[in-house]
>>> print(open('target-v4.pdb').read())   # PDB, C-alpha atoms, pLDDT in the B column
ATOM      1  CA  MET A 207       0.000   0.000   0.000  1.00 59.00           C
ATOM      2  CA  TYR A 208       1.319   3.446  -0.938  1.00 66.00           C
ATOM      3  CA  ARG A 209       1.971   5.840   1.930  1.00 71.00           C
ATOM      4  CA  LEU A 210       1.907   9.579   1.405  1.00 78.00           C
ATOM      5  CA  THR A 211       5.444  10.928   1.381  1.00 82.00           C
ATOM      6  CA  GLU A 212       6.496  14.274   2.788  1.00 86.00           C
ATOM      7  CA  ARG A 213       6.621  15.500  -0.808  1.00 86.00           C
ATOM      8  CA  ASN A 214       2.999  14.399  -1.369  1.00 87.00           C
ATOM      9  CA  ARG A 215       1.918  16.288   1.745  1.00 88.00           C
ATOM     10  CA  THR A 216       3.874  19.410   0.823  1.00 89.00           C
ATOM     11  CA  ILE A 217       2.288  19.549  -2.635  1.00 90.00           C
ATOM     12  CA  GLY A 218      -1.192  18.935  -1.203  1.00 89.00           C
ATOM     13  CA  GLU A 219      -0.766  21.734   1.346  1.00 90.00           C
ATOM     14  CA  MET A 220       0.579  24.097  -1.314  1.00 90.00           C
ATOM     15  CA  PHE A 221      -2.497  23.602  -3.504  1.00 90.00           C
ATOM     16  CA  SER A 222      -4.834  23.936  -0.533  1.00 91.00           C
ATOM     17  CA  GLY A 223      -3.202  27.298   0.142  1.00 89.00           C
ATOM     18  CA  ILE A 224      -3.912  28.645  -3.350  1.00 87.00           C
ATOM     19  CA  ALA A 225      -7.304  26.942  -3.792  1.00 90.00           C
ATOM     20  CA  PRO A 226      -9.483  30.067  -3.253  1.00 88.00           C
ATOM     21  CA  ARG A 227      -7.811  31.887  -6.188  1.00 86.00           C
ATOM     22  CA  TYR A 228      -6.919  28.847  -8.285  1.00 86.00           C
ATOM     23  CA  ASP A 229      -9.709  29.057 -10.892  1.00 90.00           C
ATOM     24  CA  PHE A 230      -9.419  32.825 -11.255  1.00 86.00           C
ATOM     25  CA  LEU A 231      -5.677  32.635 -11.854  1.00 81.00           C
ATOM     26  CA  ASN A 232      -6.041  29.742 -14.304  1.00 81.00           C
ATOM     27  CA  ARG A 233      -8.366  31.847 -16.459  1.00 85.00           C
ATOM     28  CA  LEU A 234      -6.238  34.974 -16.111  1.00 80.00           C
ATOM     29  CA  LEU A 235      -2.817  33.461 -16.749  1.00 73.00           C
ATOM     30  CA  SER A 236      -3.951  31.275 -19.657  1.00 83.00           C
ATOM     31  CA  LEU A 237      -6.195  34.019 -21.116  1.00 81.00           C
ATOM     32  CA  GLY A 238      -9.049  31.522 -20.902  1.00 87.00           C
ATOM     33  CA  VAL A 239      -7.431  29.041 -23.294  1.00 94.00           C
ATOM     34  CA  ASP A 240      -7.297  26.327 -20.601  1.00 94.00           C
ATOM     35  CA  ARG A 241     -11.005  25.621 -21.118  1.00 94.00           C
ATOM     36  CA  GLY A 242     -10.392  24.719 -24.753  1.00 96.00           C
ATOM     37  CA  TRP A 243      -7.503  22.448 -23.785  1.00 97.00           C
ATOM     38  CA  ARG A 244      -9.709  20.498 -21.397  1.00 97.00           C
ATOM     39  CA  ARG A 245     -12.461  20.271 -23.974  1.00 97.00           C
ATOM     40  CA  ARG A 246     -10.037  18.739 -26.487  1.00 98.00           C
ATOM     41  CA  ALA A 247      -8.806  16.242 -23.907  1.00 98.00           C
ATOM     42  CA  VAL A 248     -12.290  15.035 -22.973  1.00 98.00           C
ATOM     43  CA  GLU A 249     -13.123  14.574 -26.660  1.00 97.00           C
ATOM     44  CA  GLU A 250     -10.473  11.823 -26.682  1.00 97.00           C
ATOM     45  CA  MET A 251     -12.115   9.850 -23.877  1.00 96.00           C
ATOM     46  CA  LEU A 252     -14.414   6.834 -24.324  1.00 89.00           C
ATOM     47  CA  PRO A 253     -17.292   6.138 -24.650  1.00 86.00           C
ATOM     48  CA  LEU A 254     -18.941   8.880 -26.672  1.00 87.00           C
ATOM     49  CA  ARG A 255     -21.860   9.159 -24.215  1.00 92.00           C
ATOM     50  CA  GLY A 256     -22.320   8.071 -20.614  1.00 95.00           C
ATOM     51  CA  GLY A 257     -19.804   5.683 -19.073  1.00 97.00           C
ATOM     52  CA  ARG A 258     -17.638   5.619 -15.961  1.00 98.00           C
ATOM     53  CA  HIS A 259     -14.628   7.911 -15.870  1.00 99.00           C
ATOM     54  CA  LEU A 260     -11.799   8.806 -13.494  1.00 99.00           C
ATOM     55  CA  ASP A 261     -10.266  12.262 -13.092  1.00 99.00           C
ATOM     56  CA  VAL A 262      -6.925  12.071 -11.269  1.00 99.00           C
ATOM     57  CA  ALA A 263      -5.624  15.188  -9.479  1.00 98.00           C
ATOM     58  CA  THR A 264      -9.048  16.713 -10.058  1.00 98.00           C
ATOM     59  CA  GLY A 265      -8.312  19.918  -8.150  1.00 97.00           C
ATOM     60  CA  THR A 266     -11.396  22.130  -8.339  1.00 98.00           C
ATOM     61  CA  ALA A 267     -13.101  19.663 -10.710  1.00 98.00           C
ATOM     62  CA  ASP A 268     -12.873  21.612 -13.989  1.00 97.00           C
ATOM     63  CA  MET A 269     -11.990  18.438 -15.872  1.00 98.00           C
ATOM     64  CA  ALA A 270     -14.606  16.313 -14.098  1.00 98.00           C
ATOM     65  CA  LEU A 271     -17.306  18.843 -14.969  1.00 98.00           C
ATOM     66  CA  GLU A 272     -16.173  18.931 -18.596  1.00 98.00           C
ATOM     67  CA  VAL A 273     -16.541  15.134 -18.693  1.00 98.00           C
ATOM     68  CA  VAL A 274     -20.109  15.449 -17.380  1.00 97.00           C
ATOM     69  CA  ARG A 275     -20.906  18.156 -19.949  1.00 97.00           C
ATOM     70  CA  GLN A 276     -19.630  16.151 -22.895  1.00 97.00           C
ATOM     71  CA  LYS A 277     -20.651  12.648 -21.867  1.00 96.00           C
ATOM     72  CA  GLY A 278     -24.191  13.497 -20.810  1.00 91.00           C
ATOM     73  CA  GLY A 279     -26.447  12.835 -17.853  1.00 80.00           C
ATOM     74  CA  GLU A 280     -25.626   9.132 -17.606  1.00 90.00           C
ATOM     75  CA  ALA A 281     -21.896   9.721 -17.132  1.00 96.00           C
ATOM     76  CA  ALA A 282     -20.367   9.064 -13.703  1.00 98.00           C
ATOM     77  CA  VAL A 283     -17.023  10.570 -12.676  1.00 98.00           C
ATOM     78  CA  ALA A 284     -14.752   9.644  -9.772  1.00 99.00           C
ATOM     79  CA  ALA A 285     -12.654  12.701  -8.894  1.00 99.00           C
ATOM     80  CA  ALA A 286      -9.466  11.993  -6.904  1.00 98.00           C
ATOM     81  CA  ASP A 287      -7.112  14.474  -5.247  1.00 97.00           C
ATOM     82  CA  ILE A 288      -5.029  14.881  -2.089  1.00 94.00           C
ATOM     83  CA  SER A 289      -5.993  18.511  -1.395  1.00 95.00           C
ATOM     84  CA  LEU A 290      -9.119  18.724   0.741  1.00 94.00           C
ATOM     85  CA  GLU A 291      -9.559  22.444   0.101  1.00 96.00           C
ATOM     86  CA  MET A 292      -9.365  22.064  -3.675  1.00 97.00           C
ATOM     87  CA  MET A 293     -11.974  19.298  -3.520  1.00 98.00           C
ATOM     88  CA  ARG A 294     -14.188  21.386  -1.241  1.00 98.00           C
ATOM     89  CA  ILE A 295     -14.284  24.086  -3.902  1.00 98.00           C
ATOM     90  CA  GLY A 296     -14.835  21.432  -6.570  1.00 98.00           C
ATOM     91  CA  ARG A 297     -17.828  20.019  -4.684  1.00 98.00           C
ATOM     92  CA  GLU A 298     -19.361  23.478  -4.443  1.00 98.00           C
ATOM     93  CA  LYS A 299     -18.905  24.021  -8.189  1.00 98.00           C
ATOM     94  CA  CYS A 300     -20.588  20.686  -8.885  1.00 98.00           C
ATOM     95  CA  ARG A 301     -23.476  21.652  -6.607  1.00 98.00           C
ATOM     96  CA  ARG A 302     -23.945  25.001  -8.363  1.00 97.00           C
ATOM     97  CA  GLN A 303     -23.926  23.323 -11.766  1.00 96.00           C
ATOM     98  CA  GLY A 304     -26.323  20.561 -10.739  1.00 96.00           C
ATOM     99  CA  SER A 305     -23.730  17.813 -11.186  1.00 97.00           C
ATOM    100  CA  SER A 306     -23.257  16.617  -7.601  1.00 97.00           C
ATOM    101  CA  ALA A 307     -24.939  13.288  -8.347  1.00 96.00           C
ATOM    102  CA  ARG A 308     -22.537  12.660 -11.242  1.00 97.00           C
ATOM    103  CA  VAL A 309     -19.208  13.464  -9.563  1.00 98.00           C
ATOM    104  CA  ALA A 310     -17.955  11.516  -6.531  1.00 98.00           C
ATOM    105  CA  PHE A 311     -14.886  12.916  -4.768  1.00 98.00           C
ATOM    106  CA  VAL A 312     -12.283  10.745  -3.066  1.00 96.00           C
ATOM    107  CA  ARG A 313      -9.080  11.738  -1.308  1.00 94.00           C
ATOM    108  CA  ALA A 314      -6.346   9.636  -2.858  1.00 93.00           C
ATOM    109  CA  PRO A 315      -2.875  10.139  -4.354  1.00 94.00           C
ATOM    110  CA  GLY A 316      -2.311   9.238  -7.976  1.00 96.00           C
ATOM    111  CA  GLU A 317       0.108   6.529  -6.878  1.00 95.00           C
ATOM    112  CA  SER A 318      -2.572   4.567  -4.986  1.00 94.00           C
ATOM    113  CA  LEU A 319      -6.073   4.712  -6.458  1.00 96.00           C
ATOM    114  CA  PRO A 320      -8.747   2.935  -4.356  1.00 96.00           C
ATOM    115  CA  PHE A 321     -10.578   1.332  -7.271  1.00 98.00           C
ATOM    116  CA  ARG A 322     -10.769  -2.195  -8.662  1.00 98.00           C
ATOM    117  CA  ASP A 323      -9.007  -3.219 -11.851  1.00 99.00           C
ATOM    118  CA  GLY A 324     -10.863  -2.184 -15.013  1.00 98.00           C
ATOM    119  CA  ALA A 325     -13.420  -0.092 -13.127  1.00 98.00           C
ATOM    120  CA  PHE A 326     -13.514   2.788 -15.650  1.00 98.00           C
ATOM    121  CA  ASP A 327     -14.040   3.349 -19.356  1.00 98.00           C
ATOM    122  CA  SER A 328     -11.382   6.046 -19.295  1.00 98.00           C
ATOM    123  CA  ALA A 329      -9.062   7.942 -16.961  1.00 99.00           C
ATOM    124  CA  CYS A 330      -7.687  11.440 -17.357  1.00 99.00           C
ATOM    125  CA  VAL A 331      -5.358  13.824 -15.605  1.00 99.00           C
ATOM    126  CA  ALA A 332      -5.111  17.499 -16.568  1.00 98.00           C
ATOM    127  CA  PHE A 333      -2.095  19.503 -15.407  1.00 95.00           C
ATOM    128  CA  GLY A 334      -1.644  17.117 -12.489  1.00 95.00           C
ATOM    129  CA  ILE A 335       0.761  14.371 -13.529  1.00 98.00           C
ATOM    130  CA  ARG A 336       3.671  16.759 -12.807  1.00 95.00           C
ATOM    131  CA  ASN A 337       2.534  16.783  -9.186  1.00 93.00           C
ATOM    132  CA  VAL A 338       2.402  12.998  -8.815  1.00 95.00           C
ATOM    133  CA  VAL A 339       5.635  12.217  -6.983  1.00 91.00           C
ATOM    134  CA  ASP A 340       6.092   8.745  -8.528  1.00 94.00           C
ATOM    135  CA  ARG A 341       4.857   9.387 -12.087  1.00 96.00           C
ATOM    136  CA  GLY A 342       5.538   5.884 -13.336  1.00 97.00           C
ATOM    137  CA  ARG A 343       3.493   4.396 -10.538  1.00 96.00           C
ATOM    138  CA  GLY A 344       0.736   6.961 -11.072  1.00 98.00           C
ATOM    139  CA  LEU A 345       0.479   6.121 -14.773  1.00 99.00           C
ATOM    140  CA  GLY A 346       0.470   2.433 -13.908  1.00 98.00           C
ATOM    141  CA  GLU A 347      -2.448   2.981 -11.534  1.00 98.00           C
ATOM    142  CA  MET A 348      -4.411   4.846 -14.204  1.00 99.00           C
ATOM    143  CA  CYS A 349      -3.836   1.960 -16.612  1.00 99.00           C
ATOM    144  CA  ARG A 350      -4.808  -0.606 -13.982  1.00 99.00           C
ATOM    145  CA  VAL A 351      -8.224   0.894 -13.277  1.00 99.00           C
ATOM    146  CA  VAL A 352      -9.184   1.364 -16.957  1.00 99.00           C
ATOM    147  CA  ARG A 353     -10.872  -1.519 -18.780  1.00 98.00           C
ATOM    148  CA  ALA A 354      -9.311  -3.184 -21.806  1.00 98.00           C
ATOM    149  CA  GLY A 355      -9.894  -0.963 -24.826  1.00 97.00           C
ATOM    150  CA  GLY A 356     -10.490   2.111 -22.668  1.00 98.00           C
ATOM    151  CA  ARG A 357      -8.388   5.257 -22.849  1.00 98.00           C
ATOM    152  CA  VAL A 358      -5.862   7.015 -20.653  1.00 99.00           C
ATOM    153  CA  VAL A 359      -5.682  10.748 -21.426  1.00 99.00           C
ATOM    154  CA  VAL A 360      -3.040  13.127 -20.081  1.00 99.00           C
ATOM    155  CA  LEU A 361      -3.038  16.900 -20.611  1.00 98.00           C
ATOM    156  CA  GLU A 362       0.146  18.591 -19.456  1.00 97.00           C
ATOM    157  CA  PHE A 363       2.278  21.674 -19.956  1.00 92.00           C
ATOM    158  CA  SER A 364       5.360  21.284 -22.120  1.00 92.00           C
ATOM    159  CA  SER A 365       8.240  23.483 -23.232  1.00 86.00           C
ATOM    160  CA  PRO A 366       7.723  24.755 -26.799  1.00 86.00           C
ATOM    161  CA  GLU A 367      10.471  24.112 -29.305  1.00 78.00           C
ATOM    162  CA  GLY A 368      11.967  26.933 -31.324  1.00 74.00           C
ATOM    163  CA  THR A 369      14.425  29.579 -30.226  1.00 72.00           C
ATOM    164  CA  PHE A 370      12.276  32.734 -30.182  1.00 83.00           C
ATOM    165  CA  PHE A 371       8.939  31.405 -28.943  1.00 84.00           C
ATOM    166  CA  GLY A 372      10.618  29.001 -26.527  1.00 83.00           C
ATOM    167  CA  ALA A 373      12.591  31.875 -24.997  1.00 87.00           C
ATOM    168  CA  LEU A 374       9.466  34.056 -24.793  1.00 87.00           C
ATOM    169  CA  TYR A 375       7.538  31.219 -23.150  1.00 84.00           C
ATOM    170  CA  ARG A 376      10.258  30.610 -20.556  1.00 84.00           C
ATOM    171  CA  PHE A 377      10.423  34.328 -19.755  1.00 88.00           C
ATOM    172  CA  TYR A 378       6.650  34.449 -19.239  1.00 84.00           C
ATOM    173  CA  PHE A 379       6.564  31.362 -17.038  1.00 79.00           C
ATOM    174  CA  THR A 380       9.641  32.133 -14.950  1.00 83.00           C
ATOM    175  CA  ARG A 381       9.262  35.921 -14.585  1.00 84.00           C
ATOM    176  CA  VAL A 382       5.829  37.254 -15.524  1.00 84.00           C
ATOM    177  CA  LEU A 383       3.584  34.466 -14.213  1.00 76.00           C
ATOM    178  CA  PRO A 384       5.008  34.311 -10.649  1.00 79.00           C
ATOM    179  CA  ALA A 385       4.942  38.113 -10.388  1.00 80.00           C
ATOM    180  CA  VAL A 386       1.312  38.447 -11.533  1.00 77.00           C
ATOM    181  CA  ALA A 387       0.121  35.443  -9.527  1.00 71.00           C
ATOM    182  CA  GLY A 388       1.901  36.770  -6.458  1.00 74.00           C
ATOM    183  CA  LEU A 389      -0.418  39.782  -6.460  1.00 75.00           C
ATOM    184  CA  PHE A 390      -3.400  37.490  -5.833  1.00 72.00           C
ATOM    185  CA  SER A 391      -2.046  34.321  -4.233  1.00 67.00           C
ATOM    186  CA  ARG A 392       1.041  32.640  -2.794  1.00 69.00           C
ATOM    187  CA  ARG A 393       4.001  33.570  -4.966  1.00 66.00           C
ATOM    188  CA  SER A 394       5.916  30.415  -3.959  1.00 72.00           C
ATOM    189  CA  ALA A 395       3.260  28.152  -5.498  1.00 72.00           C
ATOM    190  CA  TYR A 396       3.582  29.918  -8.840  1.00 72.00           C
ATOM    191  CA  ARG A 397       7.366  29.682  -8.702  1.00 80.00           C
ATOM    192  CA  TYR A 398       6.873  25.931  -8.339  1.00 83.00           C
ATOM    193  CA  LEU A 399       4.806  25.827 -11.555  1.00 79.00           C
ATOM    194  CA  PRO A 400       7.547  26.887 -14.024  1.00 81.00           C
ATOM    195  CA  GLU A 401      10.162  24.872 -12.148  1.00 86.00           C
ATOM    196  CA  SER A 402       8.040  21.730 -12.401  1.00 88.00           C
ATOM    197  CA  ILE A 403       7.286  22.330 -16.100  1.00 85.00           C
ATOM    198  CA  LEU A 404      10.936  22.811 -17.031  1.00 86.00           C
ATOM    199  CA  ALA A 405      11.853  19.655 -15.069  1.00 90.00           C
ATOM    200  CA  PHE A 406       9.126  17.545 -16.720  1.00 94.00           C
ATOM    201  CA  PRO A 407      10.188  14.868 -19.259  1.00 95.00           C
ATOM    202  CA  SER A 408      10.158  15.748 -22.947  1.00 94.00           C
ATOM    203  CA  PRO A 409       7.000  14.744 -24.856  1.00 96.00           C
ATOM    204  CA  ALA A 410       8.837  11.791 -26.430  1.00 96.00           C
ATOM    205  CA  ASP A 411      10.127  10.602 -23.048  1.00 97.00           C
ATOM    206  CA  PHE A 412       6.722  10.954 -21.403  1.00 98.00           C
ATOM    207  CA  GLU A 413       5.105   9.040 -24.252  1.00 98.00           C
ATOM    208  CA  ALA A 414       7.604   6.248 -23.551  1.00 98.00           C
ATOM    209  CA  MET A 415       6.630   6.362 -19.854  1.00 98.00           C
ATOM    210  CA  MET A 416       2.988   5.808 -20.791  1.00 99.00           C
ATOM    211  CA  ARG A 417       3.931   2.763 -22.850  1.00 98.00           C
ATOM    212  CA  ALA A 418       6.030   1.385 -20.009  1.00 98.00           C
ATOM    213  CA  ALA A 419       3.067   1.848 -17.653  1.00 98.00           C
ATOM    214  CA  GLY A 420       0.823  -0.352 -19.809  1.00 98.00           C
ATOM    215  CA  CYS A 421      -0.677   1.902 -22.496  1.00 98.00           C
ATOM    216  CA  ARG A 422      -0.594   0.930 -26.152  1.00 97.00           C
ATOM    217  CA  SER A 423      -1.135   2.945 -29.329  1.00 97.00           C
ATOM    218  CA  VAL A 424       0.109   6.041 -27.487  1.00 98.00           C
ATOM    219  CA  SER A 425      -0.081   9.295 -29.442  1.00 98.00           C
ATOM    220  CA  ARG A 426       0.670  12.901 -28.600  1.00 98.00           C
ATOM    221  CA  ARG A 427      -0.522  16.203 -30.004  1.00 97.00           C
ATOM    222  CA  PRO A 428       0.933  19.657 -29.240  1.00 96.00           C
ATOM    223  CA  LEU A 429      -1.650  22.365 -28.568  1.00 96.00           C
ATOM    224  CA  THR A 430      -1.234  26.163 -28.776  1.00 92.00           C
ATOM    225  CA  LEU A 431       2.263  26.137 -30.295  1.00 90.00           C
ATOM    226  CA  GLY A 432       3.404  23.390 -27.951  1.00 92.00           C
ATOM    227  CA  ILE A 433       2.579  25.143 -24.668  1.00 92.00           C
ATOM    228  CA  VAL A 434       0.530  22.057 -23.808  1.00 95.00           C
ATOM    229  CA  THR A 435       0.735  18.460 -25.023  1.00 98.00           C
ATOM    230  CA  LEU A 436      -2.219  16.070 -25.177  1.00 99.00           C
ATOM    231  CA  TYR A 437      -1.294  12.397 -24.747  1.00 99.00           C
ATOM    232  CA  VAL A 438      -3.717   9.545 -25.473  1.00 99.00           C
ATOM    233  CA  GLY A 439      -3.137   5.856 -24.804  1.00 99.00           C
ATOM    234  CA  VAL A 440      -5.310   2.767 -25.212  1.00 98.00           C
ATOM    235  CA  ARG A 441      -5.452   0.264 -22.375  1.00 96.00           C
TER     236      ARG A 441
END
>>> encode(input="target-v4.pdb", output="structure tokens")
Amino acid sequence: MYRLTERNRTIGEMFSGIAPRYDFLNRLLSLGVDRGWRRRAVEEMLPLRGGRHLDVATGTADMALEVVRQKGGEAAVAAADISLEMMRIGREKCRRQGSSARVAFVRAPGESLPFRDGAFDSACVAFGIRNVVDRGRGLGEMCRVVRAGGRVVVLEFSSPEGTFFGALYRFYFTRVLPAVAGLFSRRSAYRYLPESILAFPSPADFEAMMRAAGCRSVSRRPLTLGIVTLYVGVR
């Protein structure tokens, strides 16, 4: 059984600290483009309507709610996270949008998901796999709980290639983003964001990690000039 490490706890506490401003800053710092990224990711999930789905590192449930919107009233989503405050805000959003009956929250790290093998038609994680301490184990858990033929979908920041745009992107994420976010929330949390993005494996290396975890037919697609990469694997 996986035990939360000190690193798990530190990350969970950090996100709890920024939870009240998290959605506002996501919209502000991405200029609202993050909604379109999530929409594209959910379009890759199976089945087309209804089904049982898992959202890992759900945060304030933006991805879980997008699954409900696209998959219809018969869809059921399990939303897992380690931050109680983020999930509290997510529950309130689900209540306001009339989706409480469709989204069930559970406190669990990505490395140890409390679900039986093959329980879901698909599993997704949006901007959260960076925060899973043991990424290989986390991907393996996502594969384990998805049925044969189901899909594992990962949406994550990446570092754009190309000298000019890559340099502009790094300047924004390392200088502008922490400064702007610091006006509204904990500056340290938004220093962690660019550091974790720059330390994340390359798209090719992460694709290989998904294969090693048990996914087949893995593909990747850069979005918005490579700021984000969408990965899709078949279980």
>>> atom_distance(input="target-v4.pdb", atom1="CA of Val309 (chain A)", atom2="CA of Gly334 (chain A)")
18.2 Å
>>> resolve_selection(input="target-v4.pdb", expression="the PyMOL selection byres ((chain A and resi 416) around 12)", output="JSON, numbers by chain")
{"A": [335, 341, 342, 343, 344, 345, 346, 347, 348, 349, 357, 358, 359, 360, 407, 409, 410, 411, 412, 413, 414, 415, 417, 418, 419, 420, 421, 422, 423, 424, 425, 426, 437, 438, 439, 440, 441]}
>>> write_last_selection(input="target-v4.pdb", atoms="C-alpha atoms", output="compact mmCIF listing (two decimals), in the coordinates of the input")
# COMPACT_ATOMS: atom_id res chain seq x y z
CA ILE A 335 0.76 14.37 -13.53
CA ARG A 341 4.86 9.39 -12.09
CA GLY A 342 5.54 5.88 -13.34
CA ARG A 343 3.49 4.40 -10.54
CA GLY A 344 0.74 6.96 -11.07
CA LEU A 345 0.48 6.12 -14.77
CA GLY A 346 0.47 2.43 -13.91
CA GLU A 347 -2.45 2.98 -11.53
CA MET A 348 -4.41 4.85 -14.20
CA CYS A 349 -3.84 1.96 -16.61
CA ARG A 357 -8.39 5.26 -22.85
CA VAL A 358 -5.86 7.02 -20.65
CA VAL A 359 -5.68 10.75 -21.43
CA VAL A 360 -3.04 13.13 -20.08
CA PRO A 407 10.19 14.87 -19.26
CA PRO A 409 7.00 14.74 -24.86
CA ALA A 410 8.84 11.79 -26.43
CA ASP A 411 10.13 10.60 -23.05
CA PHE A 412 6.72 10.95 -21.40
CA GLU A 413 5.11 9.04 -24.25
CA ALA A 414 7.60 6.25 -23.55
CA MET A 415 6.63 6.36 -19.85
CA ARG A 417 3.93 2.76 -22.85
CA ALA A 418 6.03 1.38 -20.01
CA ALA A 419 3.07 1.85 -17.65
CA GLY A 420 0.82 -0.35 -19.81
CA CYS A 421 -0.68 1.90 -22.50
CA ARG A 422 -0.59 0.93 -26.15
CA SER A 423 -1.14 2.94 -29.33
CA VAL A 424 0.11 6.04 -27.49
CA SER A 425 -0.08 9.30 -29.44
CA ARG A 426 0.67 12.90 -28.60
CA TYR A 437 -1.29 12.40 -24.75
CA VAL A 438 -3.72 9.54 -25.47
CA GLY A 439 -3.14 5.86 -24.80
CA VAL A 440 -5.31 2.77 -25.21
CA ARG A 441 -5.45 0.26 -22.38
>>> closest_residue(input="target-v4.pdb", among="A:Arg294, A:Arg233, A:Arg397, A:Arg322", to="Ala310 (chain A)", atoms="all atoms listed in the file")
A:Arg294
>>> residues_around(input="target-v4.pdb", residues="Arg376 (chain A)", least_positions_apart="4", cutoff="9 Å", atoms="only C-alpha atoms", output="list in words")
Ser365, Pro366, Phe371, Gly372, Thr380, Arg381, Pro400 and Leu404 of chain A
>>> residues_around(input="target-v4.pdb", residues="Phe363 (chain A)", least_positions_apart="3", cutoff="8 Å", atoms="all atoms listed in the file", output="PyMOL selection string")
chain A and resi 333+403+433-435
>>> write_last_selection(input="target-v4.pdb", atoms="C-alpha atoms", output="mmCIF file, keeping the file's coordinate frame")
data_model
loop_
_atom_site.group_PDB
_atom_site.id
_atom_site.type_symbol
_atom_site.label_atom_id
_atom_site.label_comp_id
_atom_site.auth_asym_id
_atom_site.auth_seq_id
_atom_site.Cartn_x
_atom_site.Cartn_y
_atom_site.Cartn_z
ATOM 1 C CA PHE A 333 -2.095 19.503 -15.407
ATOM 2 C CA ILE A 403 7.286 22.330 -16.100
ATOM 3 C CA ILE A 433 2.579 25.143 -24.668
ATOM 4 C CA VAL A 434 0.530 22.057 -23.808
ATOM 5 C CA THR A 435 0.735 18.460 -25.023
#
>>> atom_distance(input="target-v4.pdb", atom1="CA of Asp287 (chain A)", atom2="CA of Phe390 (chain A)")
23.3 Å
>>> resolve_selection(input="target-v4.pdb", expression="the PyMOL selection byres ((chain A and resi 226-229) around 9)", output="VMD selection string")
chain A and resid 221 to 225 230 to 234 266 268 291 to 292 295 390 to 391
>>> resolve_selection(input="target-v4.pdb", expression="the PyMOL selection byres ((chain A and resi 259-264) around 9)", output="MDAnalysis selection string")
chainID A and resid 251:252 257:258 265:270 273 281:289 292:293 296 311 314:316 319 325:335 337:338 348 351:352
>>> residues_around(input="target-v4.pdb", residues="Gly242 (chain A)", least_positions_apart="3", cutoff="12 Å", atoms="all atoms listed in the file", output="MDAnalysis selection string")
chainID A and resid 233 236:239 245:249 268:269 272 361 429:430 434 436
>>> closest_residue(input="target-v4.pdb", among="A:Leu210, A:Ile217, A:Leu271, A:Leu235", to="Gly388 (chain A)", atoms="all atoms listed in the file")
A:Leu235
>>> closest_residue(input="target-v4.pdb", among="A:Phe377, A:Phe370, A:Asp323, A:Val382", to="Ala354 (chain A)", atoms="only C-alpha atoms")
A:Asp323
>>> closest_residue(input="target-v4.pdb", among="A:Gly278, A:Gly218, A:Pro320, A:Gly356", to="Gly256 (chain A)", atoms="only C-alpha atoms")
A:Gly278
>>> atom_distance(input="target-v4.pdb", atom1="CA of Arg275 (chain A)", atom2="CA of Arg353 (chain A)")
22.1 Å
>>> closest_residue(input="target-v4.pdb", among="A:Trp243, A:Leu399, A:Arg301, A:Glu212", to="Pro428 (chain A)", atoms="all atoms listed in the file")
A:Trp243
>>> closest_residue(input="target-v4.pdb", among="A:Gly432, A:Ser306, A:Val274, A:Pro384", to="Gly368 (chain A)", atoms="only C-alpha atoms")
A:Gly432
>>> build_atoms(input="target-v4.pdb", residues="region 320-331 of chain A", atoms="N, CA and C atoms", output="short mmCIF file (atom, residue, chain, number, x, y, z; two decimals), in the coordinates of the input")
data_model
loop_
_atom_site.label_atom_id
_atom_site.label_comp_id
_atom_site.auth_asym_id
_atom_site.auth_seq_id
_atom_site.Cartn_x
_atom_site.Cartn_y
_atom_site.Cartn_z
N PRO A 320 -7.94 3.94 -5.06
CA PRO A 320 -8.75 2.94 -4.36
C PRO A 320 -9.89 2.37 -5.19
N PHE A 321 -9.56 1.87 -6.37
CA PHE A 321 -10.58 1.33 -7.27
C PHE A 321 -10.12 -0.02 -7.80
N ARG A 322 -11.09 -0.86 -8.14
CA ARG A 322 -10.77 -2.19 -8.66
C ARG A 322 -10.20 -2.10 -10.08
N ASP A 323 -9.55 -3.15 -10.50
CA ASP A 323 -9.01 -3.22 -11.85
C ASP A 323 -10.13 -3.09 -12.88
N GLY A 324 -9.90 -2.31 -13.92
CA GLY A 324 -10.86 -2.18 -15.01
C GLY A 324 -12.18 -1.53 -14.65
N ALA A 325 -12.17 -0.69 -13.61
CA ALA A 325 -13.42 -0.09 -13.13
C ALA A 325 -13.96 1.01 -14.04
N PHE A 326 -13.11 1.60 -14.89
CA PHE A 326 -13.51 2.79 -15.65
C PHE A 326 -13.36 2.59 -17.16
N ASP A 327 -14.17 3.32 -17.90
CA ASP A 327 -14.04 3.35 -19.36
C ASP A 327 -12.85 4.20 -19.78
N SER A 328 -12.52 5.19 -18.98
CA SER A 328 -11.38 6.05 -19.30
C SER A 328 -10.90 6.73 -18.02
N ALA A 329 -9.65 7.18 -18.07
CA ALA A 329 -9.06 7.94 -16.96
C ALA A 329 -8.31 9.12 -17.56
N CYS A 330 -8.37 10.25 -16.87
CA CYS A 330 -7.69 11.44 -17.36
C CYS A 330 -6.98 12.14 -16.21
N VAL A 331 -6.00 12.93 -16.57
CA VAL A 331 -5.36 13.82 -15.60
C VAL A 331 -4.95 15.08 -16.37
#
